[in-house]
file data_22.cif (mmCIF, C-alpha atoms)
data_data
loop_
_atom_site.label_atom_id
_atom_site.label_comp_id
_atom_site.auth_asym_id
_atom_site.auth_seq_id
_atom_site.Cartn_x
_atom_site.Cartn_y
_atom_site.Cartn_z
CA MET A 1 -0.26 27.98 -12.04
CA PRO A 2 -3.11 26.00 -13.61
CA PRO A 3 -6.57 25.85 -12.10
CA MET A 4 -6.48 23.08 -9.50
CA HIS A 5 -10.15 22.13 -9.64
CA ALA A 6 -10.93 18.53 -10.51
CA VAL A 7 -11.95 18.35 -14.16
CA GLY A 8 -14.74 15.86 -14.70
CA ALA A 9 -17.03 16.31 -11.71
CA GLN A 10 -19.19 18.85 -13.50
CA GLN A 11 -19.37 16.66 -16.60
CA VAL A 12 -20.60 13.70 -14.52
CA GLU A 13 -23.32 15.89 -13.02
CA GLU A 14 -24.34 17.20 -16.43
CA ALA A 15 -24.51 13.70 -17.92
CA VAL A 16 -26.65 12.45 -15.03
CA ALA A 17 -28.97 15.46 -15.30
CA ASP A 18 -29.35 14.80 -19.03
CA CYS A 19 -30.14 11.14 -18.35
CA VAL A 20 -32.76 11.92 -15.70
CA ALA A 21 -34.39 14.59 -17.88
CA ALA A 22 -34.64 12.20 -20.84
CA LEU A 23 -35.82 9.10 -18.98
CA GLY A 24 -37.83 10.84 -16.27
CA ALA A 25 -40.55 11.55 -18.82
CA VAL A 26 -41.11 7.83 -19.46
CA THR A 27 -40.94 6.24 -16.03
CA ASP A 28 -44.54 5.06 -16.48
CA ARG A 29 -43.44 2.73 -19.30
CA ASP A 30 -42.65 -0.97 -18.85
CA TRP A 31 -38.83 -0.86 -18.77
CA LYS A 32 -38.54 -4.58 -18.07
CA GLY A 33 -40.54 -5.41 -21.17
CA ALA A 34 -38.36 -3.44 -23.59
CA GLY A 35 -34.89 -4.39 -24.79
CA ALA A 36 -32.18 -1.75 -24.33
CA GLY A 37 -31.02 -0.97 -27.85
CA ARG A 38 -28.52 -3.55 -29.10
CA LEU A 39 -27.79 -4.86 -25.62
CA GLU A 40 -28.97 -8.19 -24.24
CA TRP A 41 -30.38 -6.35 -21.21
CA ASP A 42 -33.84 -4.88 -20.84
CA CYS A 43 -34.18 -1.15 -20.20
CA ARG A 44 -34.60 -1.60 -16.46
CA LYS A 45 -31.39 -3.63 -16.21
CA ALA A 46 -29.49 -1.02 -18.24
CA ALA A 47 -30.67 1.76 -15.91
CA GLU A 48 -29.66 -0.24 -12.83
CA HIS A 49 -26.27 -0.82 -14.45
CA ILE A 50 -25.70 2.93 -14.75
CA ALA A 51 -26.15 3.39 -11.00
CA ASP A 52 -24.02 0.34 -10.24
CA ASP A 53 -21.11 1.61 -12.36
CA LEU A 54 -21.27 5.12 -10.93
CA VAL A 55 -21.07 3.92 -7.33
CA ALA A 56 -18.34 1.42 -8.24
CA TYR A 57 -16.19 4.16 -9.75
CA ALA A 58 -16.83 6.42 -6.77
CA GLY A 59 -15.84 3.60 -4.42
CA ARG A 60 -12.61 2.86 -6.22
CA LEU A 61 -11.54 6.49 -6.17
CA ALA A 62 -12.57 7.15 -2.58
CA GLY A 63 -11.12 3.84 -1.38
CA ARG A 64 -7.92 4.20 -3.43
CA ALA A 65 -8.48 0.67 -4.74
CA ALA A 66 -5.12 -0.52 -6.07
CA THR A 67 -5.43 -4.03 -7.45
CA ALA A 68 -9.06 -5.14 -7.67
CA ARG A 69 -12.69 -4.09 -7.71
CA LEU A 70 -14.20 -3.32 -4.33
CA PRO A 71 -16.56 -6.08 -3.13
CA PHE A 72 -19.86 -4.23 -3.18
CA THR A 73 -22.66 -3.48 -5.59
CA ILE A 74 -26.18 -2.03 -5.66
CA ALA A 75 -29.21 -4.29 -5.28
CA PHE A 76 -32.66 -3.01 -6.16
CA GLY A 77 -35.72 -4.42 -4.47
CA GLU A 78 -38.65 -5.82 -6.41
CA ASP A 79 -40.78 -2.88 -5.27
CA THR A 80 -38.34 -0.27 -6.60
CA GLY A 81 -40.01 1.58 -9.44
CA ASN A 82 -38.37 3.21 -12.42
CA THR A 83 -38.43 6.55 -10.63
CA GLY A 84 -36.54 5.01 -7.74
CA VAL A 85 -33.89 3.71 -10.13
CA LEU A 86 -33.42 7.18 -11.60
CA ARG A 87 -33.09 8.65 -8.11
CA SER A 88 -30.36 6.10 -7.49
CA VAL A 89 -28.63 7.24 -10.68
CA GLU A 90 -28.78 10.81 -9.36
CA ALA A 91 -27.38 9.78 -5.97
CA THR A 92 -24.57 7.62 -7.32
CA GLY A 93 -23.67 10.30 -9.85
CA ALA A 94 -23.37 12.78 -6.99
CA LEU A 95 -21.12 10.33 -5.14
CA LEU A 96 -18.81 9.99 -8.14
CA ALA A 97 -18.69 13.75 -8.65
CA ALA A 98 -17.80 14.21 -4.96
CA ALA A 99 -15.09 11.55 -5.17
CA ILE A 100 -13.59 13.27 -8.22
CA ARG A 101 -13.56 16.64 -6.46
CA THR A 102 -11.89 15.28 -3.33
CA THR A 103 -9.34 12.94 -4.91
CA PRO A 104 -5.83 14.40 -5.42
CA ARG A 105 -4.74 14.74 -9.04
CA ALA A 106 -1.94 12.17 -8.84
CA VAL A 107 -4.07 9.36 -7.36
CA ARG A 108 -4.81 6.41 -9.62
CA ALA A 109 -7.20 3.63 -8.71
CA PHE A 110 -7.88 0.23 -10.22
CA HIS A 111 -9.51 -0.21 -13.59
CA PRO A 112 -8.55 -3.11 -15.86
CA TYR A 113 -8.47 -1.37 -19.26
CA PRO A 114 -5.80 -1.29 -20.46
CA PHE A 115 -3.09 -0.49 -17.91
CA GLY A 116 -4.79 -1.48 -14.64
CA HIS A 117 -5.45 2.03 -13.36
CA ALA A 118 -7.11 5.38 -14.04
CA ASN A 119 -6.94 8.85 -12.52
CA ARG A 120 -9.91 10.95 -11.42
CA GLU A 121 -10.36 12.40 -14.91
CA GLY A 122 -10.35 8.93 -16.41
CA PHE A 123 -13.02 7.75 -13.99
CA ALA A 124 -15.04 10.86 -14.82
CA ALA A 125 -14.84 10.07 -18.54
CA MET A 126 -15.80 6.44 -17.94
CA GLY A 127 -18.72 7.50 -15.78
CA VAL A 128 -19.96 9.98 -18.37
CA ALA A 129 -19.59 7.31 -21.07
CA GLU A 130 -21.68 4.82 -19.10
CA VAL A 131 -24.42 7.39 -18.54
CA LEU A 132 -24.55 8.69 -22.11
CA LEU A 133 -24.38 5.34 -23.84
CA HIS A 134 -26.84 3.46 -21.68
CA THR A 135 -29.27 6.37 -21.69
CA HIS A 136 -29.09 6.06 -25.47
CA ASP A 137 -29.71 2.30 -25.26
CA ILE A 138 -32.75 2.79 -23.03
CA ALA A 139 -34.14 5.62 -25.14
CA GLU A 140 -33.77 3.48 -28.25
CA GLY A 141 -35.52 0.58 -26.54
CA LEU A 142 -38.41 2.79 -25.44
CA GLY A 143 -38.70 4.51 -28.81
CA ILE A 144 -37.87 8.05 -27.68
CA SER A 145 -35.35 10.46 -29.14
CA HIS A 146 -32.27 11.47 -27.19
CA GLU A 147 -29.04 13.28 -28.02
CA PRO A 148 -26.77 14.52 -25.22
CA PRO A 149 -24.73 17.74 -25.38
CA ALA A 150 -21.85 17.44 -27.87
CA GLU A 151 -19.41 18.68 -25.22
CA LEU A 152 -20.03 15.60 -23.08
CA ALA A 153 -19.37 13.20 -25.95
CA SER A 154 -16.20 15.13 -26.80
CA PHE A 155 -15.11 14.96 -23.15
CA VAL A 156 -15.29 11.17 -23.36
CA LEU A 157 -13.63 10.79 -26.76
CA THR A 158 -10.61 12.98 -25.99
CA ARG A 159 -9.86 11.15 -22.76
CA ILE A 160 -10.60 7.46 -23.15
CA PHE A 161 -10.91 6.95 -26.92
CA PRO A 162 -7.55 8.41 -28.01
CA ARG A 163 -7.20 6.15 -31.04
CA VAL A 164 -10.60 7.07 -32.51
CA LYS A 165 -10.27 9.60 -35.30
CA PRO A 166 -12.65 12.54 -34.82
CA GLY A 167 -15.79 12.25 -36.94
CA PRO A 168 -18.55 14.56 -38.19
CA THR A 169 -19.90 15.13 -34.67
CA PRO A 170 -18.66 13.90 -31.27
CA TRP A 171 -21.90 12.07 -30.47
CA ARG A 172 -22.10 10.20 -33.77
CA THR A 173 -18.42 9.33 -33.42
CA LEU A 174 -18.91 7.97 -29.91
CA LEU A 175 -21.88 5.88 -31.01
CA TRP A 176 -19.83 4.45 -33.89
CA ALA A 177 -16.81 3.79 -31.65
CA THR A 178 -18.97 1.71 -29.30
CA GLY A 179 -20.75 -0.31 -31.96
CA ARG A 180 -23.97 1.71 -31.85
CA GLY A 181 -23.92 3.51 -35.15
CA GLU A 182 -22.35 4.02 -38.54
CA LEU A 183 -19.98 6.60 -39.99
CA PRO A 184 -19.38 7.17 -43.71
CA GLY A 185 -16.16 5.53 -44.87
CA ARG A 186 -15.61 3.54 -41.69
CA ASP A 187 -16.21 -0.13 -41.05
CA PRO A 188 -18.71 -1.04 -38.34
CA VAL A 189 -17.24 -1.57 -34.87
CA THR A 190 -17.94 -5.04 -33.49
CA ALA A 191 -15.58 -5.05 -30.49
CA TRP A 192 -14.24 -2.13 -28.51
CA ARG A 193 -12.68 -0.97 -25.26
CA TRP A 194 -11.81 2.46 -24.04
CA SER A 195 -8.26 3.30 -23.00
CA ASN A 196 -7.04 5.25 -20.00
CA ASN A 197 -3.66 6.95 -20.30
CA PRO A 198 -0.44 5.03 -19.48
CA VAL A 199 1.84 5.93 -16.57
CA LEU A 200 5.44 4.85 -16.00
CA ARG A 201 7.35 5.47 -12.77
CA SER A 202 11.01 6.03 -11.98
CA GLU A 203 12.61 6.77 -8.62
CA ARG A 204 11.61 10.44 -8.53
CA LEU A 205 9.21 10.87 -11.43
CA ALA A 206 5.86 9.75 -12.78
CA LEU A 207 5.74 9.77 -16.58
CA GLU A 208 2.09 10.42 -17.37
CA GLY A 209 0.81 9.71 -20.88
CA VAL A 210 -0.80 12.71 -22.57
CA THR A 211 -4.40 12.40 -23.77
CA PRO A 212 -5.77 14.35 -26.74
CA ALA A 213 -7.57 16.59 -24.23
CA VAL A 214 -4.31 17.44 -22.47
CA ALA A 215 -2.50 17.90 -25.79
CA THR A 216 -5.15 20.35 -26.95
CA ASP A 217 -4.77 22.48 -23.82
CA LEU A 218 -0.96 22.43 -23.92
CA SER A 219 -0.87 23.35 -27.60
CA LEU A 220 -3.12 26.34 -26.86
CA SER A 221 -0.76 27.72 -24.17
CA GLY A 222 -2.57 26.03 -21.29
CA HIS A 223 -1.10 23.86 -18.54
CA GLY A 224 -2.81 20.60 -19.44
CA GLY A 225 -4.20 20.28 -15.91
CA PHE A 226 -0.73 19.97 -14.37
CA ASP A 227 0.88 22.12 -11.69
CA TRP A 228 4.13 23.12 -13.40
CA VAL A 229 7.33 24.48 -11.92
CA ASP A 230 7.45 28.26 -12.16
CA SER A 231 8.93 28.39 -15.67
CA GLY A 232 5.99 26.31 -16.91
CA PRO A 233 5.92 24.15 -20.03
CA PHE A 234 8.85 24.96 -22.34
CA GLU A 235 8.30 25.48 -26.08
CA GLY A 236 9.33 21.93 -26.99
CA THR A 237 6.54 20.55 -24.82
CA ARG A 238 3.95 22.67 -26.59
CA GLU A 239 5.33 21.68 -30.00
CA GLY A 240 5.21 18.02 -29.01
CA ALA A 241 1.60 18.43 -27.89
CA GLY A 242 0.77 19.93 -31.27
CA MET A 243 2.35 16.93 -33.03
CA LEU A 244 0.33 14.54 -30.85
CA LEU A 245 -2.87 16.42 -31.57
CA LYS A 246 -2.21 16.17 -35.32
CA GLN A 247 -1.73 12.39 -34.99
CA TYR A 248 -5.04 12.17 -33.11
CA GLU A 249 -6.87 14.17 -35.76
CA GLU A 250 -5.44 11.86 -38.45
CA GLY A 251 -6.42 8.74 -36.52
CA ILE A 252 -2.85 7.46 -36.11
CA PHE A 253 -2.26 8.25 -32.44
CA HIS A 254 -1.11 5.42 -30.17
CA PRO A 255 -1.14 6.53 -26.49
CA GLU A 256 1.82 4.46 -25.31
CA TRP A 257 3.94 5.76 -28.22
CA GLY A 258 2.98 9.37 -27.62
CA MET A 259 4.13 12.05 -25.20
CA TYR A 260 4.55 11.81 -21.43
CA VAL A 261 4.58 14.69 -18.96
CA LEU A 262 7.31 14.30 -16.34
CA VAL A 263 5.88 14.88 -12.86
CA ARG A 264 7.90 15.00 -9.64
CA ARG A 265 6.47 12.45 -7.28
CA GLU A 266 7.48 14.39 -4.16
CA ASP A 267 5.29 17.42 -4.89
CA ASP A 268 3.22 16.51 -8.00
CA ARG A 269 4.75 19.33 -10.05
CA ALA A 270 5.42 18.90 -13.76
CA VAL A 271 9.01 19.52 -14.86
CA GLY A 272 9.00 18.69 -18.56
CA ALA A 273 7.89 16.25 -21.23
CA MET A 274 9.33 13.32 -23.14
CA GLY A 275 7.94 11.11 -25.84
CA PHE A 276 8.17 9.23 -29.09
CA HIS A 277 7.80 10.70 -32.55
CA GLY A 278 5.51 7.83 -33.48
CA VAL A 279 5.20 4.06 -33.40
CA PRO A 280 8.30 1.90 -34.05
CA ASP A 281 9.25 1.53 -37.72
CA PRO A 282 9.43 -1.85 -39.52
CA GLU A 283 13.08 -2.23 -38.48
CA GLY A 284 12.14 -1.94 -34.81
CA SER A 285 13.49 1.57 -34.28
CA VAL A 286 11.63 4.36 -32.51
CA GLU A 287 12.80 7.95 -32.04
CA ILE A 288 12.50 9.78 -28.75
CA GLY A 289 12.62 13.45 -27.83
CA TYR A 290 12.42 15.46 -24.61
CA ASP A 291 12.06 18.93 -23.19
CA LEU A 292 12.69 20.17 -19.64
CA SER A 293 11.36 23.33 -18.05
CA VAL A 294 14.10 25.84 -17.26
CA ASP A 295 13.62 25.73 -13.48
CA ALA A 296 13.98 21.95 -13.42
CA ARG A 297 17.26 21.61 -15.29
CA GLY A 298 20.46 20.39 -13.67
CA ASN A 299 18.74 17.82 -11.42
CA GLY A 300 19.09 14.71 -13.58
CA TYR A 301 15.36 14.47 -14.32
CA ALA A 302 15.80 14.16 -18.08
CA THR A 303 18.40 11.40 -17.71
CA GLU A 304 16.22 9.48 -15.27
CA ALA A 305 13.15 9.75 -17.46
CA LEU A 306 15.08 8.86 -20.61
CA ARG A 307 16.39 5.67 -19.02
CA THR A 308 12.90 4.74 -17.88
CA LEU A 309 11.11 5.39 -21.16
CA SER A 310 13.85 3.87 -23.32
CA GLY A 311 14.01 0.79 -21.12
CA TRP A 312 10.25 0.39 -21.37
CA ALA A 313 10.37 0.73 -25.16
CA LEU A 314 12.93 -2.03 -25.55
CA GLU A 315 10.70 -4.37 -23.55
CA GLN A 316 7.97 -4.08 -26.19
CA ASP A 317 7.66 -6.68 -28.92
CA GLY A 318 9.73 -6.00 -32.01
CA VAL A 319 11.57 -2.94 -30.66
CA ARG A 320 15.34 -3.17 -31.02
CA THR A 321 16.57 0.42 -30.99
CA VAL A 322 15.61 3.74 -29.41
CA ALA A 323 17.06 6.66 -31.37
CA ALA A 324 17.68 10.27 -30.39
CA VAL A 325 18.90 13.18 -32.51
CA VAL A 326 20.67 16.10 -30.82
CA GLU A 327 22.04 19.35 -32.24
CA GLU A 328 25.87 19.51 -32.13
CA GLU A 329 25.70 22.81 -30.28
CA ASN A 330 23.42 21.39 -27.56
CA VAL A 331 26.11 20.05 -25.25
CA ALA A 332 23.76 19.73 -22.26
CA SER A 333 21.42 17.46 -24.20
CA GLN A 334 24.34 15.37 -25.44
CA LYS A 335 25.33 14.74 -21.83
CA VAL A 336 21.78 13.68 -21.01
CA VAL A 337 21.63 10.99 -23.70
CA THR A 338 25.10 9.63 -22.97
CA ARG A 339 24.40 9.44 -19.22
CA ALA A 340 21.18 7.58 -20.07
CA GLY A 341 23.17 4.92 -21.93
CA PHE A 342 22.89 6.10 -25.55
CA THR A 343 25.89 5.80 -27.87
CA GLU A 344 26.77 8.04 -30.79
CA VAL A 345 26.03 6.60 -34.24
CA THR A 346 26.55 9.36 -36.81
CA ARG A 347 27.19 13.09 -37.22
CA GLN A 348 25.90 15.05 -40.18
CA GLU A 349 24.58 18.51 -40.96
CA GLY A 350 25.10 19.75 -37.42
CA GLN A 351 23.21 16.88 -35.79
CA ILE A 352 24.35 13.88 -33.79
CA SER A 353 22.37 10.64 -33.94
CA TYR A 354 22.39 8.37 -30.89
CA ALA A 355 21.08 4.87 -30.30
CA PHE A 356 20.06 2.97 -27.19
CA ARG A 357 19.92 -0.81 -27.32
CA GLY A 358 19.87 -1.68 -23.64
#
call {"tool": "encode", "arguments": {"input": "data_22.cif", "output": "structure tokens"}}
result
Amino acid sequence: MPPMHAVGAQQVEEAVADCVAALGAVTDRDWKGAGAGRLEWDCRKAAEHIADDLVAYAGRLAGRAATARLPFTIAFGEDTGNTGVLRSVEATGALLAAAIRTTPRAVRAFHPYPFGHANREGFAAMGVAEVLLHTHDIAEGLGISHEPPAELASFVLTRIFPRVKPGPTPWRTLLWATGRGELPGRDPVTAWRWSNNPVLRSERLALEGVTPAVATDLSLSGHGGFDWVDSGPFEGTREGAGMLLKQYEEGIFHPEWGMYVLVRREDDRAVGAMGFHGVPDPEGSVEIGYDLSVDARGNGYATEALRTLSGWALEQDGVRTVAAVVEEENVASQKVVTRAGFTEVTRQEGQISYAFRG
């Protein structure tokens, strides 16, 4: 059984504490008279924005917002000093941390980028990103030095910047990825958006896209933050996580064409994993593989998930074929692909190739 604590709450608290420590020493400065780094805002506006985002994220999680932003925001009075703004950052950070700790793992609430939703860990990463980056903007505008803990920048990168190849340090990489810095050998970033993980749903399952953070844990014999059936992740799941992690490290990972953990919707327990070997090739073909935990076999989960993921793939532009390769001796897996609608194409060297075209 994995630890069931909510990952991310502590990171939000640490990011807020770092922000308050850095900016608390310069509350006597004129924040309205200094531009916030490369932003169009002044430093005061950037600080107010941090608090506004933190309470908005907390509200969406706590309110289980499904389709739109909640209709509230923070308004600061003219007599609110810089210290008062920082106290608001502390308070709203505490609210987000509390919402993360009390929100069930499977809950997803509205956020537009890029799939219309995020889970509690995604909101934590977005909250930490807002705090770190805008603290940097304000510090730059006020002419003070600031560098947050590397672990916080890494927390953000491995959860909501999955397509950003790791750089020399997590903080420098995050600054580059958000148009705030340079990295040797990489073009400047002029437009960017973070990316929460994709989720597909079938009748009984939620197929949850694996982030680099989850892949790292699974590849190191962890549980990836999921509550697995008693037999836990099978070896194919860990191997797939290792492949995903290698793609991330090479800068060629595409979240929607990666691996998905199969989670039973009735009890939020993970039963296996399924995913693509990479992006579709120039001919519009993409290969899929899957792995089911021992305790979950014989219930039709693999067939159900395979139909869902293959059907989704064929709806994407340019995709014409989903391929699967099964060992000749693996009769159970052959039954899974045929029940899912795949047809046999070739047999050679002890392997059977199947294709799904809808």
call {"tool": "atom_distance", "arguments": {"input": "data_22.cif", "atom1": "atom CA of Val286 of chain A", "atom2": "atom CA of Gly358 of chain A"}}
result
13.5 Å
call {"tool": "residues_around", "arguments": {"input": "data_22.cif", "residues": "segment 146-163 of chain A", "least_positions_apart": "5", "cutoff": "9 Å", "atoms": "only C-alpha atoms", "output": "number ranges by chain"}}
result
A: 8, 11-12, 14-15, 18-19, 22, 121-122, 124-126, 128-129, 132, 135-136, 139-140, 169-174, 177, 193-197, 211-214, 248, 251-255
call {"tool": "write_last_selection", "arguments": {"input": "data_22.cif", "atoms": "C-alpha atoms", "output": "CSV table (one decimal), in the frame of the given file"}}
result
chain,number,residue,atom,x,y,z
A,8,GLY,CA,-14.7,15.9,-14.7
A,11,GLN,CA,-19.4,16.7,-16.6
A,12,VAL,CA,-20.6,13.7,-14.5
A,14,GLU,CA,-24.3,17.2,-16.4
A,15,ALA,CA,-24.5,13.7,-17.9
A,18,ASP,CA,-29.4,14.8,-19.0
A,19,CYS,CA,-30.1,11.1,-18.4
A,22,ALA,CA,-34.6,12.2,-20.8
A,121,GLU,CA,-10.4,12.4,-14.9
A,122,GLY,CA,-10.4,8.9,-16.4
A,124,ALA,CA,-15.0,10.9,-14.8
A,125,ALA,CA,-14.8,10.1,-18.5
A,126,MET,CA,-15.8,6.4,-17.9
A,128,VAL,CA,-20.0,10.0,-18.4
A,129,ALA,CA,-19.6,7.3,-21.1
A,132,LEU,CA,-24.6,8.7,-22.1
A,135,THR,CA,-29.3,6.4,-21.7
A,136,HIS,CA,-29.1,6.1,-25.5
A,139,ALA,CA,-34.1,5.6,-25.1
A,140,GLU,CA,-33.8,3.5,-28.2
A,169,THR,CA,-19.9,15.1,-34.7
A,170,PRO,CA,-18.7,13.9,-31.3
A,171,TRP,CA,-21.9,12.1,-30.5
A,172,ARG,CA,-22.1,10.2,-33.8
A,173,THR,CA,-18.4,9.3,-33.4
A,174,LEU,CA,-18.9,8.0,-29.9
A,177,ALA,CA,-16.8,3.8,-31.6
A,193,ARG,CA,-12.7,-1.0,-25.3
A,194,TRP,CA,-11.8,2.5,-24.0
A,195,SER,CA,-8.3,3.3,-23.0
A,196,ASN,CA,-7.0,5.2,-20.0
A,197,ASN,CA,-3.7,7.0,-20.3
A,211,THR,CA,-4.4,12.4,-23.8
A,212,PRO,CA,-5.8,14.4,-26.7
A,213,ALA,CA,-7.6,16.6,-24.2
A,214,VAL,CA,-4.3,17.4,-22.5
A,248,TYR,CA,-5.0,12.2,-33.1
A,251,GLY,CA,-6.4,8.7,-36.5
A,252,ILE,CA,-2.8,7.5,-36.1
A,253,PHE,CA,-2.3,8.2,-32.4
A,254,HIS,CA,-1.1,5.4,-30.2
A,255,PRO,CA,-1.1,6.5,-26.5
call {"tool": "atom_distance", "arguments": {"input": "data_22.cif", "atom1": "atom CA of Arg320 of chain A", "atom2": "atom CA of Gln348 of chain A"}}
result
23.0 Å
call {"tool": "closest_atom_pairs", "arguments": {"input": "data_22.cif", "of": "segment 237-269 of chain A", "to": "segment 300-304 of chain A", "cutoff": "12 Å", "atoms": "all atoms listed in the file", "output": "CSV"}}
result
residue,atom,partner,partner_atom,distance
A:Tyr260,CA,A:Ala302,CA,12.0
A:Val261,CA,A:Ala302,CA,11.3
A:Leu262,CA,A:Tyr301,CA,8.3
A:Val263,CA,A:Tyr301,CA,9.6
A:Arg264,CA,A:Tyr301,CA,8.8
A:Arg265,CA,A:Tyr301,CA,11.5
call {"tool": "closest_residue", "arguments": {"input": "data_22.cif", "among": "A:Ala296, A:Ala355, A:Leu244, A:Val199", "to": "Ser231 of chain A", "atoms": "only C-alpha atoms"}}
result
A:Ala296
call {"tool": "residues_around", "arguments": {"input": "data_22.cif", "residues": "Ala99 of chain A", "least_positions_apart": "6", "cutoff": "12 Å", "atoms": "all atoms listed in the file", "output": "PDB file with C-alpha atoms, in the frame of the given file"}}
result
ATOM      1  CA  ALA A   6     -10.930  18.530 -10.510  1.00  0.00           C
ATOM      2  CA  VAL A   7     -11.950  18.350 -14.160  1.00  0.00           C
ATOM      3  CA  GLY A   8     -14.740  15.860 -14.700  1.00  0.00           C
ATOM      4  CA  ALA A   9     -17.030  16.310 -11.710  1.00  0.00           C
ATOM      5  CA  GLN A  10     -19.190  18.850 -13.500  1.00  0.00           C
ATOM      6  CA  VAL A  12     -20.600  13.700 -14.520  1.00  0.00           C
ATOM      7  CA  LEU A  54     -21.270   5.120 -10.930  1.00  0.00           C
ATOM      8  CA  VAL A  55     -21.070   3.920  -7.330  1.00  0.00           C
ATOM      9  CA  ALA A  56     -18.340   1.420  -8.240  1.00  0.00           C
ATOM     10  CA  TYR A  57     -16.190   4.160  -9.750  1.00  0.00           C
ATOM     11  CA  ALA A  58     -16.830   6.420  -6.770  1.00  0.00           C
ATOM     12  CA  GLY A  59     -15.840   3.600  -4.420  1.00  0.00           C
ATOM     13  CA  ARG A  60     -12.610   2.860  -6.220  1.00  0.00           C
ATOM     14  CA  LEU A  61     -11.540   6.490  -6.170  1.00  0.00           C
ATOM     15  CA  ALA A  62     -12.570   7.150  -2.580  1.00  0.00           C
ATOM     16  CA  GLY A  63     -11.120   3.840  -1.380  1.00  0.00           C
ATOM     17  CA  ARG A  64      -7.920   4.200  -3.430  1.00  0.00           C
ATOM     18  CA  THR A  92     -24.570   7.620  -7.320  1.00  0.00           C
ATOM     19  CA  GLY A  93     -23.670  10.300  -9.850  1.00  0.00           C
ATOM     20  CA  ARG A 105      -4.740  14.740  -9.040  1.00  0.00           C
ATOM     21  CA  VAL A 107      -4.070   9.360  -7.360  1.00  0.00           C
ATOM     22  CA  ALA A 109      -7.200   3.630  -8.710  1.00  0.00           C
ATOM     23  CA  ASN A 119      -6.940   8.850 -12.520  1.00  0.00           C
ATOM     24  CA  ARG A 120      -9.910  10.950 -11.420  1.00  0.00           C
ATOM     25  CA  GLU A 121     -10.360  12.400 -14.910  1.00  0.00           C
ATOM     26  CA  PHE A 123     -13.020   7.750 -13.990  1.00  0.00           C
ATOM     27  CA  ALA A 124     -15.040  10.860 -14.820  1.00  0.00           C
ATOM     28  CA  GLY A 127     -18.720   7.500 -15.780  1.00  0.00           C
TER      29      GLY A 127
END
call {"tool": "resolve_selection", "arguments": {"input": "data_22.cif", "expression": "the PyMOL selection byres ((chain A and resi 325-335) around 7)", "output": "NGL selection string"}}
result
:A and (323-324 or 336-339 or 350-354)
call {"tool": "resolve_selection", "arguments": {"input": "data_22.cif", "expression": "the PyMOL selection byres ((chain A and resi 74) around 9)", "output": "ChimeraX atom specification"}}
result
/A:48-49,51-52,55-56,72-73,75-76
